[in-house]
Every structure is written in C-alpha cells, then in structure tokens.
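Chemist: One structure, pasted below without further comment.
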Amino acid sequence: MVRKCILGLQLLITGGLLAPSFSKDLFTLYGDVMQIALPSVALGRTLYLKDRKGSLQFAESYGSTMATTYLLKYTVNEKRPNGGKHSFPSGHTASAFSGAWFLWKRYGPEWGVPSVALASLVGFSRVHARAHYWKDVIAGAVLSGIFTLIFTRRFRAEVSGKGFTFEYSF
C-alpha cells in the first residue's frame, strides 16, 4: 500500500511540474505529463529500493530508446497528421513505454500492468491530438520494448545475514 501511495505521489508531483503546458485539452495534457511521469516513476523506484543496477539498466534502456527515437525522427522526417514534421516514431509514446516496460521487466506485473495501461493512453492521446499516426505510436512502444529487453534484468533483492546471503525475487 505504501508503495502505491509513493507511485501516486510521484505522478502528482510530476504532473504539477508540467501543468503549465500549452496543451489544447486535458487528454493531450495527460500525454504530455505522462511521457515524463512514467520514466520518473521507473527511476524513482530504483532509487527508493537502492537498486543501483536497476538505475543503470534504466539509464541504458531509456537513453538508447530516446536516442534511437530522435535519430529515426530526423532520418525519416515523416509529416504529422497536423502538418508538422518528424512524426515517426512517437517520442511521447517511446518515453512513456520505456518507463512502463522497465517497471514490468524489472519489478514484475504488479508494477508493469498499470504502467503499460497508462503508457497506452499516452499513445492514444498522441493520435487524439493529431500529432501522430497509429504506426508512429506502435513504433515508439515497440522500440522501447526492444531496448528494455536488451538492457533490463529481473530485480533480485539481497538480504545478508551472518555467514550467508539469501536472494529472493519480487
């Protein structure tokens, strides 16, 4: 219960920091906020658990996802539904799913299922805002999933006692 309260608090704090956005409606604002909130929760979880390996794995996964996303955006340079540039893939979706997939892979479905549901809504918000096509959103989600699979390992907490070490998985 305490962990879920911390997750909620992190989302509220991140949302409050990004609230002065110039979004057209609340659903678009949701996508703008959650693209930052989900990776923030993922990193915050590693810090809360003092999971240094997880912090490094998240940094590798997120950094690779975003670098590849922006490399593709400027290489492909596809036109957005609203007429703008750099549609493919969706950066908002890649960022949100990077946090969500990491939470699932590292800490299990208890964290992953709600996070992936929230990230999916980010993808919907980008199509709703006419900032992306469905293929852009799907590409962002898949790209982040690939880098999460490459860099992230399941969390194993270690409990040490006199003369022995005990490992268990969450």
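Following the order of the structure tokens, chains are lettered A, B, ..., residues in each are numbered from 1, and ligands are numbered from 1.
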As a ChimeraX atom specification, please: every residue in region 72-145 of chain A that DSSP puts in helix (DSSP H, G or I).

Modeler: /A:72-76,91-107,109-128,134-145

Chemist: Would you list the contacts of Phe124 (chain A) as a PDB file with N, CA and C atoms, in the first residue's frame, taking every protein, DNA or RNA residue within 10 Å and counting only C-alpha atoms, but skipping same-chain residues closer than 6 positions in sequence?

Modeler:
```
ATOM      1  N   PHE A  27      -6.833  15.577 -22.325  1.00  0.00           N
ATOM      2  CA  PHE A  27      -6.278  14.302 -22.770  1.00  0.00           C
ATOM      3  C   PHE A  27      -4.893  14.501 -23.398  1.00  0.00           C
ATOM      4  N   THR A  28      -4.737  15.582 -24.133  1.00  0.00           N
ATOM      5  CA  THR A  28      -3.426  15.907 -24.692  1.00  0.00           C
ATOM      6  C   THR A  28      -2.455  16.254 -23.567  1.00  0.00           C
ATOM      7  N   GLY A  31      -1.039  13.151 -21.970  1.00  0.00           N
ATOM      8  CA  GLY A  31       0.091  12.578 -22.714  1.00  0.00           C
ATOM      9  C   GLY A  31       1.374  13.343 -22.473  1.00  0.00           C
ATOM     10  N   THR A  93       5.308   8.521 -26.771  1.00  0.00           N
ATOM     11  CA  THR A  93       4.987   7.117 -26.535  1.00  0.00           C
ATOM     12  C   THR A  93       6.237   6.315 -26.197  1.00  0.00           C
ATOM     13  N   ARG A 130      -3.757  14.536 -32.953  1.00  0.00           N
ATOM     14  CA  ARG A 130      -3.349  14.600 -34.362  1.00  0.00           C
ATOM     15  C   ARG A 130      -1.865  14.935 -34.503  1.00  0.00           C
ATOM     16  N   HIS A 132       0.348  12.307 -34.190  1.00  0.00           N
ATOM     17  CA  HIS A 132       0.943  11.070 -34.716  1.00  0.00           C
ATOM     18  C   HIS A 132      -0.111  10.181 -35.358  1.00  0.00           C
ATOM     19  N   TYR A 133       0.387   9.314 -36.223  1.00  0.00           N
ATOM     20  CA  TYR A 133      -0.408   8.227 -36.772  1.00  0.00           C
ATOM     21  C   TYR A 133      -0.237   7.022 -35.851  1.00  0.00           C
ATOM     22  N   TRP A 134      -1.125   6.029 -35.991  1.00  0.00           N
ATOM     23  CA  TRP A 134      -1.032   4.829 -35.158  1.00  0.00           C
ATOM     24  C   TRP A 134       0.306   4.124 -35.326  1.00  0.00           C
ATOM     25  N   VAL A 137       2.935   5.604 -33.054  1.00  0.00           N
ATOM     26  CA  VAL A 137       2.722   5.232 -31.652  1.00  0.00           C
ATOM     27  C   VAL A 137       3.184   3.794 -31.415  1.00  0.00           C
TER      28      VAL A 137
END
```

Chemist: List as a list in words the protein and nucleic acid residues near Gly112 (chain A), meaning an atom at most 7 Å away when only C-alpha atoms are counted, but skip any in the same chain fewer than 3 places from it.

Modeler: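 Counting only C-alpha atoms, the residues come to Ala100, Trp101, Leu103, Trp104, Gly108, Pro109, Ser115 and Val116 of chain A.
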